[in-house]
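Participant: There's a structure below that I have some questions on.
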Amino acid sequence: MENGNFAFVTLATDDFYGSGALVLGHSLKLVQTKAKLVVLITTGISARVVDKLRKVFDLVEEKLKNWTPTMIKIWQFYSVQSLE
């Protein structure tokens with residue numbers, strides 16, 4: 001498969017996790033990854049952090065509502081199952 005078919009995807013639910021996503025994005029760019037960089041965000045992130053994420057990531061997906069920890073666990077379970 002071509003590298004264009006791959007992406008690094010992370011989730012940021014607030015400004016704290018948004019800052020971590022920025023570090024991840026910058027680190028992946030430093031190693032010159034060919035994969036796309038995608039961050040999924042919730043409404044808990046400030047506009048200031050979203051603007052910074054847009055400068056680093058290829059795609060900032062804003063359609064997520066605030067997820068509870070239980071919802072995230074369920075999503076992780078189904079995501080792992082789909083990879084098997």
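Going through the structure tokens in order, the chains are called A, B, and so on, while each chain numbers its residues from 1 and the ligands are numbered from 1 in the order shown.
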Each residue of stretch 2-23 of chain A with at least one atom at most 10 Å from stretch 54-63 of chain A should appear once, together with its nearest atom pair and the corresponding distance in Å (one decimal); atoms considered: only C-alpha atoms; ordering: chain, then increasing residue number; output as CSV.
Facilitator:
```
residue,atom,partner,partner_atom,distance
A:Ala7,CA,A:Asp58,CA,9.6
A:Phe8,CA,A:Phe57,CA,9.7
A:Val9,CA,A:Leu59,CA,9.4
A:Thr10,CA,A:Val60,CA,10.0
A:Leu11,CA,A:Glu61,CA,9.5
A:Ala21,CA,A:Phe57,CA,9.2
A:Leu22,CA,A:Val56,CA,7.0
A:Val23,CA,A:Val56,CA,9.5
```
Participant: Taking 5 positions as the minimum chain separation for residues in the same chain, which residues sit within 7 Å of A:Thr13 when counting only C-alpha atoms? Answer as a list in words.
Facilitator: Ile41, Thr42, Gly44 and Ile45 of chain A
Participant: Next, write the just-selected residues to a file, as a CSV table (one decimal), in the first residue's frame, keeping N, CA and C atoms as the atom set.
Facilitator:
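Writing the result to result.csv gives the following:
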```csv
chain,number,residue,atom,x,y,z
A,41,ILE,N,-11.5,16.1,17.6
A,41,ILE,CA,-11.7,17.0,18.7
A,41,ILE,C,-13.2,17.0,19.1
A,42,THR,N,-13.4,17.4,20.4
A,42,THR,CA,-14.7,17.6,20.9
A,42,THR,C,-14.9,19.1,21.1
A,44,GLY,N,-15.0,20.6,23.8
A,44,GLY,CA,-14.3,21.0,24.9
A,44,GLY,C,-13.0,21.8,24.7
A,45,ILE,N,-12.6,21.9,23.4
A,45,ILE,CA,-11.3,22.5,23.0
A,45,ILE,C,-11.6,24.0,22.6
```
Participant: Quote the spacing between atom CA of A:Ala47 and atom CA of A:Val31 in Å to one decimal place.
Facilitator: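 For atom CA of A:Ala47 relative to atom CA of A:Val31, the distance reads 27.7 Å.
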Participant: Rank A:Val38, A:Val49, A:Pro69, A:Ile74 by their smallest atom-to-atom distance to A:Ser19, using only C-alpha atoms, and report the top residue only.
Facilitator: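 Result for the nearest residue to A:Ser19: A:Val49.
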Participant: Using DSSP assignments from the backbone, pull out every residue in stretch 18-71 of chain A that falls under helix (DSSP H, G or I) and give it to me as a count of residues only.
Facilitator: 26
Participant: In Å to one decimal, how far is atom CA of A:Gly20 from atom CA of A:Met71?
Facilitator: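 Separating atom CA of A:Met71 from atom CA of A:Gly20 is a distance of 20.7 Å.
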Participant: For each of A:Ala35, A:Leu30, A:Ile72, A:Val50, take the minimum atom-to-atom distance to A:Asn5, counting only C-alpha atoms, then give the residue where this is smallest.
Facilitator: A:Ala35
